[in-house]
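Dumped query29.csv below, it's CSV, C-alpha atoms:
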```csv
chain,number,residue,atom,x,y,z
A,1,MET,CA,35.3,28.4,-4.4
A,2,ASN,CA,32.7,30.9,-3.4
A,3,ASN,CA,31.5,30.3,0.2
A,4,ALA,CA,28.5,32.6,-0.4
A,5,HIS,CA,27.1,30.0,-2.8
A,6,PRO,CA,27.4,26.7,-1.1
A,7,GLU,CA,24.8,25.1,-3.4
A,8,ARG,CA,26.9,25.9,-6.3
A,9,GLN,CA,29.9,24.5,-4.5
A,10,CYS,CA,28.1,21.2,-3.7
A,11,GLY,CA,26.1,21.0,-6.9
A,12,HIS,CA,22.4,20.1,-7.3
A,13,ALA,CA,23.1,16.6,-8.6
A,14,PHE,CA,24.9,15.8,-5.4
A,15,GLN,CA,27.2,12.8,-5.6
A,16,PRO,CA,27.8,11.6,-2.1
A,17,SER,CA,31.4,10.8,-1.3
A,18,GLU,CA,32.4,7.7,0.5
A,19,LEU,CA,32.6,9.7,3.7
A,20,ASP,CA,29.1,11.2,3.1
A,21,ARG,CA,27.7,7.7,2.7
A,22,LYS,CA,29.4,6.6,5.9
A,23,LEU,CA,28.0,9.6,7.7
A,24,ILE,CA,24.5,8.8,6.5
A,25,VAL,CA,24.8,5.3,7.7
A,26,ALA,CA,26.3,6.4,11.0
A,27,THR,CA,23.5,8.9,11.7
A,28,GLN,CA,20.4,7.3,10.2
A,29,GLU,CA,19.3,6.2,13.6
A,30,GLY,CA,20.3,9.5,15.2
A,31,LEU,CA,22.9,12.0,16.2
A,32,PRO,CA,25.2,11.1,19.2
A,33,LEU,CA,24.0,12.6,22.5
A,34,THR,CA,27.4,13.9,23.6
A,35,ALA,CA,28.7,17.4,23.8
A,36,ARG,CA,30.7,17.0,20.7
A,37,PRO,CA,28.6,14.7,18.5
A,38,TYR,CA,30.5,15.5,15.3
A,39,LEU,CA,33.8,14.6,17.0
A,40,GLU,CA,32.4,11.3,18.1
A,41,LEU,CA,31.3,10.6,14.5
A,42,ALA,CA,34.8,11.6,13.3
A,43,GLU,CA,36.4,9.2,15.7
A,44,GLN,CA,34.2,6.4,14.6
A,45,LEU,CA,35.0,7.1,11.0
A,46,ASN,CA,38.7,7.9,11.4
A,47,VAL,CA,38.5,11.4,10.1
A,48,THR,CA,38.7,14.9,11.7
A,49,GLU,CA,35.9,16.7,13.4
A,50,ALA,CA,36.4,19.5,10.9
A,51,ASP,CA,35.8,17.0,8.0
A,52,VAL,CA,32.6,15.8,9.5
A,53,ILE,CA,31.3,19.4,10.1
A,54,GLU,CA,32.2,20.4,6.6
A,55,ARG,CA,30.5,17.4,5.0
A,56,MET,CA,27.4,17.7,7.2
A,57,GLN,CA,27.1,21.4,6.3
A,58,CYS,CA,27.6,20.6,2.6
A,59,MET,CA,25.0,17.9,2.6
A,60,GLN,CA,22.6,20.3,4.4
A,61,ASP,CA,23.4,23.1,1.8
A,62,ALA,CA,22.7,20.6,-1.0
A,63,GLY,CA,19.4,19.5,0.6
A,64,VAL,CA,20.5,15.9,1.2
A,65,ILE,CA,20.0,16.7,4.8
A,66,ARG,CA,16.7,18.6,5.1
A,67,ARG,CA,17.6,19.6,8.6
A,68,ILE,CA,18.8,18.1,11.8
A,69,ALA,CA,15.9,17.9,14.2
A,70,VAL,CA,13.8,16.1,16.7
A,71,VAL,CA,10.9,14.0,15.4
A,72,PRO,CA,8.1,13.9,17.9
A,73,ASP,CA,5.7,10.9,18.0
A,74,HIS,CA,2.6,12.8,16.9
A,75,TYR,CA,0.3,10.3,18.5
A,76,LYS,CA,2.0,10.9,21.9
A,77,LEU,CA,1.5,14.6,21.4
A,78,GLY,CA,-2.2,14.1,20.9
A,79,TYR,CA,-2.3,14.4,17.1
A,80,THR,CA,-4.0,11.1,16.8
A,81,LEU,CA,-5.8,11.8,13.5
A,82,ASN,CA,-3.9,11.7,10.4
A,83,GLY,CA,-5.8,12.1,7.2
A,84,MET,CA,-4.3,11.8,3.7
A,85,THR,CA,-6.4,14.2,1.7
A,86,VAL,CA,-6.4,13.6,-2.0
A,87,TRP,CA,-7.8,15.9,-4.6
A,88,ASP,CA,-8.5,15.9,-8.3
A,89,VAL,CA,-7.5,19.3,-9.7
A,90,PRO,CA,-6.7,20.4,-13.3
A,91,ASP,CA,-3.1,19.5,-14.1
A,92,GLU,CA,-2.4,22.9,-15.5
A,93,MET,CA,-3.3,24.4,-12.1
A,94,ILE,CA,-1.5,22.0,-9.9
A,95,SER,CA,1.7,23.9,-9.1
A,96,THR,CA,-0.2,27.0,-8.1
A,97,LEU,CA,-2.7,25.0,-6.0
A,98,GLY,CA,-0.1,22.7,-4.5
A,99,GLN,CA,1.9,25.6,-3.3
A,100,ARG,CA,-1.1,27.2,-1.7
A,101,LEU,CA,-2.1,23.9,0.1
A,102,GLY,CA,1.5,23.4,1.2
A,103,SER,CA,1.6,26.8,2.9
A,104,LEU,CA,-1.3,25.9,5.2
A,105,ASP,CA,0.1,25.3,8.7
A,106,PHE,CA,-1.8,22.1,9.3
A,107,VAL,CA,-0.5,20.4,6.1
A,108,SER,CA,2.7,18.5,6.7
A,109,HIS,CA,3.4,17.0,3.3
A,110,CYS,CA,2.0,18.1,-0.1
A,111,TYR,CA,2.8,16.4,-3.4
A,112,HIS,CA,1.7,16.1,-7.0
A,113,ARG,CA,1.3,12.3,-7.8
A,114,PRO,CA,0.0,10.5,-10.9
A,115,ARG,CA,-3.6,9.4,-11.4
A,116,HIS,CA,-4.4,5.8,-12.1
A,117,LEU,CA,-7.7,6.1,-14.1
A,118,PRO,CA,-10.3,4.9,-13.6
A,119,ASP,CA,-9.5,3.6,-10.2
A,120,TRP,CA,-7.7,6.6,-8.8
A,121,PRO,CA,-8.5,10.1,-10.2
A,122,HIS,CA,-6.6,12.1,-7.6
A,123,ASN,CA,-3.4,14.0,-8.4
A,124,LEU,CA,-2.8,16.3,-5.4
A,125,PHE,CA,-2.0,14.8,-2.0
A,126,ALA,CA,-1.9,16.7,1.3
A,127,MET,CA,-1.4,15.2,4.7
A,128,VAL,CA,-3.5,16.8,7.4
A,129,HIS,CA,-3.1,16.3,11.1
A,130,GLY,CA,-5.3,17.0,14.1
A,131,ARG,CA,-6.2,16.2,17.6
A,132,THR,CA,-9.9,15.8,17.1
A,133,GLN,CA,-12.2,14.8,14.3
A,134,GLU,CA,-13.7,18.3,14.3
A,135,GLU,CA,-10.2,19.9,14.0
A,136,VAL,CA,-9.5,17.7,10.9
A,137,ASP,CA,-12.9,18.4,9.4
A,138,ASN,CA,-12.3,22.1,9.7
A,139,HIS,CA,-8.9,21.7,8.0
A,140,ILE,CA,-10.5,19.8,5.1
A,141,GLU,CA,-13.2,22.5,4.8
A,142,ALA,CA,-10.5,25.1,4.6
A,143,ILE,CA,-8.9,23.3,1.7
A,144,VAL,CA,-12.3,22.9,0.0
A,145,ALA,CA,-12.7,26.6,0.2
A,146,LEU,CA,-9.2,27.3,-0.9
A,147,LEU,CA,-9.5,25.1,-4.0
A,148,GLY,CA,-13.0,26.3,-4.9
A,149,GLU,CA,-14.0,25.5,-8.4
A,150,HIS,CA,-10.7,23.7,-9.2
A,151,ASN,CA,-11.7,20.9,-6.9
A,152,ARG,CA,-13.2,18.2,-9.1
A,153,GLY,CA,-13.5,15.6,-6.4
A,154,HIS,CA,-11.7,14.6,-3.2
A,155,ASP,CA,-11.4,12.0,-0.6
A,156,VAL,CA,-9.8,11.6,2.8
A,157,LEU,CA,-8.1,8.4,3.8
A,158,PHE,CA,-7.7,8.1,7.6
A,159,SER,CA,-5.0,5.9,8.9
A,160,LYS,CA,-6.4,2.9,10.9
A,161,ARG,CA,-3.1,1.2,11.9
A,162,ILE,CA,0.6,1.6,11.5
A,163,LEU,CA,1.8,-1.6,10.0
A,164,LYS,CA,5.5,-0.6,9.8
A,165,LYS,CA,7.5,2.5,10.5
A,166,THR,CA,11.2,2.7,10.2
A,167,GLY,CA,13.4,5.5,9.0
A,168,LEU,CA,15.6,5.5,6.0
A,169,ARG,CA,17.8,2.4,6.0
A,170,ILE,CA,20.8,2.3,3.8
A,171,ARG,CA,22.5,-1.0,3.7
A,172,LYS,CA,25.6,-0.9,5.8
B,1,MET,CA,5.2,17.9,30.0
B,2,ASP,CA,7.1,20.8,31.5
B,3,GLU,CA,7.7,24.2,29.8
B,4,ILE,CA,11.3,23.5,28.9
B,5,ASN,CA,10.6,20.2,27.2
B,6,ARG,CA,7.8,21.9,25.3
B,7,LYS,CA,10.3,24.6,24.2
B,8,ILE,CA,12.8,21.9,23.2
B,9,ILE,CA,10.3,20.0,21.0
B,10,ASN,CA,9.0,23.2,19.4
B,11,GLN,CA,12.4,24.7,18.7
B,12,LEU,CA,14.4,21.6,17.7
B,13,GLN,CA,11.8,20.4,15.2
B,14,ARG,CA,13.0,23.4,13.1
B,15,GLY,CA,16.7,22.6,13.2
B,16,PHE,CA,19.9,22.0,15.1
B,17,PRO,CA,23.3,23.7,14.5
B,18,ILE,CA,26.3,22.1,12.8
B,19,CYS,CA,29.3,23.3,14.8
B,20,GLU,CA,31.7,21.9,17.5
B,21,ARG,CA,29.4,22.4,20.4
B,22,PRO,CA,25.9,22.3,18.9
B,23,TYR,CA,24.1,21.3,22.1
B,24,GLU,CA,25.7,24.2,23.9
B,25,GLU,CA,24.6,26.6,21.1
B,26,ALA,CA,21.0,25.3,21.1
B,27,ALA,CA,20.9,25.3,24.9
B,28,LYS,CA,21.7,29.0,25.0
B,29,THR,CA,18.6,29.9,23.1
B,30,LEU,CA,16.6,27.7,25.4
B,31,ASP,CA,18.1,29.2,28.6
B,32,ILE,CA,19.3,25.9,29.9
B,33,THR,CA,22.7,24.2,30.1
B,34,GLU,CA,24.3,22.0,27.5
B,35,SER,CA,24.2,18.9,29.8
B,36,ASP,CA,20.6,19.6,30.7
B,37,LEU,CA,19.6,19.7,27.0
B,38,ILE,CA,21.4,16.5,26.3
B,39,SER,CA,19.8,14.6,29.2
B,40,ARG,CA,16.4,16.0,28.3
B,41,ILE,CA,16.6,14.8,24.7
B,42,GLU,CA,17.8,11.5,26.0
B,43,SER,CA,14.7,11.1,28.3
B,44,LEU,CA,12.3,12.3,25.6
B,45,LEU,CA,13.7,9.6,23.3
B,46,GLU,CA,13.5,7.0,26.1
B,47,ASP,CA,9.9,7.7,26.9
B,48,LYS,CA,9.2,7.7,23.2
B,49,THR,CA,7.9,11.3,23.1
B,50,LEU,CA,10.5,11.7,20.3
B,51,THR,CA,10.8,8.9,17.8
B,52,ARG,CA,14.1,10.3,16.6
B,53,PHE,CA,16.7,13.0,16.8
B,54,GLY,CA,19.2,13.6,14.1
B,55,PRO,CA,19.6,14.5,10.4
B,56,MET,CA,16.5,14.1,8.2
B,57,TYR,CA,17.8,12.8,4.9
B,58,GLN,CA,16.2,13.5,1.5
B,59,ILE,CA,17.9,10.6,-0.2
B,60,GLU,CA,16.6,11.6,-3.7
B,61,LYS,CA,19.1,14.4,-3.6
B,62,ALA,CA,21.9,11.9,-3.1
B,63,GLY,CA,20.8,9.6,-6.0
B,64,GLY,CA,18.3,7.4,-4.1
B,65,ALA,CA,14.6,7.1,-4.7
B,66,PHE,CA,11.3,7.0,-2.7
B,67,THR,CA,7.8,6.2,-3.8
B,68,LEU,CA,4.4,5.9,-2.3
B,69,ALA,CA,2.4,2.8,-3.4
B,70,ALA,CA,-1.0,1.4,-2.6
B,71,MET,CA,-2.8,-1.9,-2.8
B,72,THR,CA,-6.4,-3.2,-2.4
B,73,ILE,CA,-6.3,-6.2,-0.1
B,74,PRO,CA,-9.3,-8.2,1.0
B,75,GLU,CA,-9.9,-8.2,4.8
B,76,SER,CA,-9.3,-11.9,5.2
B,77,GLU,CA,-5.9,-11.7,3.5
B,78,PHE,CA,-4.8,-8.4,5.0
B,79,ASP,CA,-2.6,-9.4,7.8
B,80,LYS,CA,-0.8,-12.1,5.8
B,81,VAL,CA,-0.1,-9.6,2.9
B,82,ALA,CA,1.0,-6.9,5.4
B,83,GLU,CA,3.6,-9.4,6.7
B,84,GLN,CA,4.7,-10.2,3.2
B,85,VAL,CA,5.1,-6.6,2.2
B,86,ASN,CA,6.8,-5.5,5.5
B,87,ALA,CA,9.4,-8.3,5.0
B,88,PHE,CA,10.8,-6.2,2.2
B,89,PRO,CA,13.6,-4.1,3.7
B,90,GLU,CA,12.8,-1.4,1.1
B,91,ILE,CA,9.5,-0.7,2.9
B,92,ALA,CA,10.0,2.3,5.2
B,93,HIS,CA,6.4,2.9,6.3
B,94,ASN,CA,3.2,1.0,5.9
B,95,TYR,CA,-0.2,2.2,6.9
B,96,GLU,CA,-3.7,0.6,6.9
B,97,ARG,CA,-6.1,3.3,5.6
B,98,ALA,CA,-9.9,3.3,5.5
B,99,HIS,CA,-10.5,3.1,1.8
B,100,LYS,CA,-10.8,0.6,-1.0
B,101,LEU,CA,-7.1,1.0,-1.5
B,102,ASN,CA,-6.4,0.0,2.1
B,103,MET,CA,-2.7,-0.6,2.3
B,104,TRP,CA,-0.3,2.4,1.7
B,105,PHE,CA,3.4,2.1,1.9
B,106,VAL,CA,6.5,4.1,1.2
B,107,LEU,CA,9.4,2.3,-0.3
B,108,GLY,CA,12.9,3.6,-0.6
B,109,THR,CA,15.9,2.4,-2.6
B,110,GLU,CA,19.4,3.6,-3.0
B,111,ASN,CA,19.1,3.4,-6.8
B,112,PRO,CA,16.0,4.7,-8.7
B,113,ASN,CA,15.9,1.6,-11.0
B,114,GLU,CA,15.3,-0.6,-8.1
B,115,ILE,CA,11.8,0.9,-7.5
B,116,ALA,CA,10.2,-0.8,-10.4
B,117,SER,CA,11.8,-4.1,-9.7
B,118,THR,CA,10.9,-4.0,-6.1
B,119,ILE,CA,7.3,-3.3,-7.0
B,120,LYS,CA,7.3,-6.2,-9.4
B,121,ARG,CA,8.7,-8.5,-6.6
B,122,ILE,CA,5.9,-7.3,-4.2
B,123,GLU,CA,3.3,-8.1,-6.9
B,124,ASP,CA,4.8,-11.5,-7.5
B,125,LYS,CA,5.0,-12.3,-3.8
B,126,THR,CA,1.5,-11.2,-2.8
B,127,GLY,CA,-0.4,-11.7,-6.0
B,128,TYR,CA,-2.0,-8.3,-5.8
B,129,LYS,CA,-1.6,-5.2,-8.0
B,130,VAL,CA,0.6,-2.4,-6.7
B,131,TYR,CA,-0.4,1.2,-7.7
B,132,ASN,CA,2.8,3.2,-7.9
B,133,MET,CA,2.4,6.9,-7.0
B,134,PRO,CA,5.8,8.5,-7.2
B,135,LYS,CA,6.0,12.2,-6.4
B,136,LEU,CA,6.0,14.3,-9.6
B,137,GLU,CA,6.4,17.5,-7.7
B,138,GLU,CA,7.0,18.3,-4.0
B,139,PHE,CA,5.2,21.4,-2.8
B,140,TYR,CA,5.9,21.2,0.9
B,141,VAL,CA,7.4,18.9,3.5
B,142,GLY,CA,7.6,20.2,7.0
B,143,LEU,CA,6.3,18.0,9.7
B,144,TYR,CA,5.8,20.5,12.6
B,145,PHE,CA,3.7,19.7,15.6
B,146,PRO,CA,3.5,22.6,18.1
B,147,VAL,CA,3.0,21.4,21.7
```

Encoded form using C-alpha cells:
Amino acid sequence: MNNAHPERQCGHAFQPSELDRKLIVATQEGLPLTARPYLELAEQLNVTEADVIERMQCMQDAGVIRRIAVVPDHYKLGYTLNGMTVWDVPDEMISTLGQRLGSLDFVSHCYHRPRHLPDWPHNLFAMVHGRTQEEVDNHIEAIVALLGEHNRGHDVLFSKRILKKTGLRIRK
Amino acid sequence: MDEINRKIINQLQRGFPICERPYEEAAKTLDITESDLISRIESLLEDKTLTRFGPMYQIEKAGGAFTLAAMTIPESEFDKVAEQVNAFPEIAHNYERAHKLNMWFVLGTENPNEIASTIKRIEDKTGYKVYNMPKLEEFYVGLYFPV
C-alpha cells in the first residue's frame, strides 16, 4: 500500500463496503454535532473510531465524498435568483468551453448534457446565482462574451418555485 | 449575521477535517472554541441559514446514478403532476421553471439501470413525456456562496 496515492489504494471504480454504505446512510442527513462525531458514528455502527476515520478519508480520496461542508440556504443569504443557463455550442468544443464556464466564480454547476432535437437544442448547462436581476444579467453577458462565436443559441430558465428538495436518500 | 458566523459559513463551505477532534481543528482556524463552533453550527441549522452540514456524496462514484429530467406540463395540471412526480422517492429535487419545459427534477437511484425504469414509471403515472438529460461530462460542481 502506498499512502501517497490514496486514489490508487481506493480505486476509481469504488465499491462501497458494507461499512461504507452504513456510514453513508448514517450521515446523509448530517454529521453529528459532538466533539468526536466519528466516535459517535463508530458507536452507532459498532466499529472503532479509527475505522470510521479511515473509511471516511478513503471515500473522500475516491471522490465518493466530495467534501464535508456546510450547505447554506442560498435564498436566506440573499441569492434569490437562480438561473439555469443553457447553451448550444459545437460538440467538438464542449470540453474546452465547459471548463471555461465552470471556472467562472458565479457558476455553481456546469455540465454537458444531451440535446433533444428539435425541442431542446442545448448541450451545455451552467447554473448561475445572483442577488439581483442585474447581477444575473451581468453574469449571463459575461458568458455570452466568453463563448463568442461558439454560442449558437441560449436560454435562461429561472426557477419559479421549489417543488421538492431533499438530499440523497439511500434506502435504509 | 455576525462576523464569526459569516466566517464559519464562508470557510466551512469549502471543507471540514476528518480526524478525532475535527471541530477543535476547524475552530482553531476561526479563532473560536470547539464548543462555540458546535453550538453556532447548531443554531445556524436551527434557524435554517444552513440546510445541511455533513458529507456531500457523489453517489455515481459508489455505483449509483443521478439524472436531470424535464417535462412540459399544462398550467391546469401542474400541481397534480408535481404531486405525482414528488411521490417517487427517487426524486431528490424538483423545480418549477419559467419555460415551455416547466418542470425540472433530479432523480437518483442506487443502481444506474433503475434510472430508465423510474422514468418510464413517471411517464406512465403522469401521462406526460419525460426528457432525460443525464450528465455526459461534469466540468464543475462547487456551490459556494460568499456572505

How many Å lie between atom CA of A:Asp105 and atom CA of A:Leu147, rounded to one decimal?
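We find that atom CA of A:Asp105 and atom CA of A:Leu147 lie 15.9 Å from each other.
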
Residues within 9 Å of A:Leu81, only C-alpha atoms, excluding chain neighbours under 4 positions, as a list of chain:residue names:
A:Tyr75, A:Val128, A:His129, A:Gly130, A:Arg131, A:Thr132, A:Gln133, A:Val136, A:Phe158, A:Ser159

Tell me, counting only C-alpha atoms, for each residue of chain B within 7 Å of chain A, which pair of atoms is nearest and how far apart they are in Å to one decimal, in rows ordered by chain and increasing number, as CSV.
```
residue,atom,partner,partner_atom,distance
B:Ile9,CA,A:Val70,CA,6.8
B:Leu12,CA,A:Ala69,CA,5.3
B:Gln13,CA,A:Ala69,CA,4.9
B:Arg14,CA,A:Ala69,CA,6.3
B:Gly15,CA,A:Ala69,CA,4.9
B:Phe16,CA,A:Ile68,CA,5.2
B:Ile18,CA,A:Ile53,CA,6.3
B:Cys19,CA,A:Ile53,CA,6.4
B:Glu20,CA,A:Arg36,CA,5.9
B:Arg21,CA,A:Arg36,CA,5.6
B:Tyr23,CA,A:Ala35,CA,6.3
B:Ile38,CA,A:Leu33,CA,6.0
B:Thr49,CA,A:Asp73,CA,5.6
B:Leu50,CA,A:Pro72,CA,4.0
B:Thr51,CA,A:Asp73,CA,5.5
B:Arg52,CA,A:Val71,CA,5.0
B:Phe53,CA,A:Val70,CA,4.2
B:Gly54,CA,A:Gly30,CA,4.4
B:Pro55,CA,A:Ile68,CA,3.9
B:Met56,CA,A:Arg66,CA,5.5
B:Tyr57,CA,A:Ile65,CA,4.5
B:Gln58,CA,A:Val64,CA,4.9
B:Ile59,CA,A:Val64,CA,6.1
B:Lys61,CA,A:Val64,CA,5.2
B:Ala62,CA,A:Phe14,CA,5.4
B:Asn86,CA,A:Lys164,CA,6.6
B:Ala92,CA,A:Thr166,CA,5.2
B:His93,CA,A:Lys165,CA,4.4
B:Asn94,CA,A:Lys164,CA,4.8
B:Tyr95,CA,A:Ile162,CA,4.7
B:Glu96,CA,A:Arg161,CA,5.1
B:Arg97,CA,A:Ser159,CA,4.3
B:Ala98,CA,A:Leu157,CA,5.7
B:His99,CA,A:Leu157,CA,6.2
B:Met133,CA,A:Arg113,CA,5.6
B:Pro134,CA,A:Arg113,CA,5.9
B:Lys135,CA,A:Arg113,CA,4.9
B:Leu136,CA,A:His112,CA,5.3
B:Glu137,CA,A:His112,CA,5.0
B:Glu138,CA,A:Tyr111,CA,4.6
B:Phe139,CA,A:Cys110,CA,5.3
B:Tyr140,CA,A:Gly102,CA,4.9
B:Val141,CA,A:His109,CA,4.4
B:Gly142,CA,A:Ser108,CA,5.2
B:Leu143,CA,A:Ser108,CA,4.7
B:Tyr144,CA,A:Ser108,CA,7.0
B:Val147,CA,A:Leu77,CA,7.0
```

Selection near A:Arg152, 12 Å with only C-alpha atoms, sequence-local residues under 4 positions removed, as a PDB file with C-alpha atoms, keeping the file's coordinate frame:
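Final output, saved to result38.pdb:
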```pdb
ATOM      1  CA  VAL A  86      -6.400  13.600  -2.000  1.00  0.00           C
ATOM      2  CA  TRP A  87      -7.800  15.900  -4.600  1.00  0.00           C
ATOM      3  CA  ASP A  88      -8.500  15.900  -8.300  1.00  0.00           C
ATOM      4  CA  VAL A  89      -7.500  19.300  -9.700  1.00  0.00           C
ATOM      5  CA  PRO A  90      -6.700  20.400 -13.300  1.00  0.00           C
ATOM      6  CA  ASP A  91      -3.100  19.500 -14.100  1.00  0.00           C
ATOM      7  CA  PRO A 121      -8.500  10.100 -10.200  1.00  0.00           C
ATOM      8  CA  HIS A 122      -6.600  12.100  -7.600  1.00  0.00           C
ATOM      9  CA  ASN A 123      -3.400  14.000  -8.400  1.00  0.00           C
ATOM     10  CA  LEU A 124      -2.800  16.300  -5.400  1.00  0.00           C
ATOM     11  CA  VAL A 144     -12.300  22.900   0.000  1.00  0.00           C
ATOM     12  CA  LEU A 147      -9.500  25.100  -4.000  1.00  0.00           C
ATOM     13  CA  GLY A 148     -13.000  26.300  -4.900  1.00  0.00           C
TER      14      GLY A 148
END
```

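Here atom CA of B:Val85 is placed at a distance of 18.0 Å from atom CA of B:Ala65.
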
Residues at most 7 Å from stretch 111-116 of chain B, counting only C-alpha atoms, excluding those fewer than 2 positions away in the same chain, as a PyMOL selection string?
chain B and resi 63-65+109+118-120

Report the distance between atom CA of B:Glu46 and atom CA of B:Arg6 in Å, rounded to one decimal place.
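Those two atoms sit 16.0 Å apart.
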
Nearest residue to B:Lys80 from the set B:Leu44, B:Val106, B:Phe66, B:Lys125 (distances using all atoms listed in the file):
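Closest to B:Lys80 of all the choices is B:Lys125.
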
If we count all atoms listed in the file and set the cut-off at 7 Å, which residues sit around stretch 70-75 of chain B, ignoring sequence neighbours fewer than 2 positions away in its own chain? Please answer as a short mmCIF file (atom, residue, chain, number, x, y, z; two decimals) with C-alpha atoms, in the coordinates of the input.
```
data_model
loop_
_atom_site.label_atom_id
_atom_site.label_comp_id
_atom_site.auth_asym_id
_atom_site.auth_seq_id
_atom_site.Cartn_x
_atom_site.Cartn_y
_atom_site.Cartn_z
CA GLU B 77 -5.90 -11.70 3.50
CA PHE B 78 -4.80 -8.40 5.00
CA LYS B 100 -10.80 0.60 -1.00
CA LEU B 101 -7.10 1.00 -1.50
CA ASN B 102 -6.40 0.00 2.10
CA MET B 103 -2.70 -0.60 2.30
CA TRP B 104 -0.30 2.40 1.70
CA PHE B 105 3.40 2.10 1.90
CA LYS B 129 -1.60 -5.20 -8.00
CA VAL B 130 0.60 -2.40 -6.70
CA TYR B 131 -0.40 1.20 -7.70
CA ASN B 132 2.80 3.20 -7.90
#
```

Nearest candidate to A:Glu18 (options A:Leu117, A:Glu40, A:Leu45, A:His154; using all atoms listed in the file):
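For A:Glu18, the nearest of the given residues is A:Leu45.
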
Nearest-residue call for B:Asn10, choices B:Thr67, B:Leu107, B:Leu30, B:Ile91, using only C-alpha atoms:
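Counting only C-alpha atoms, the residue closest to B:Asn10 is B:Leu30.
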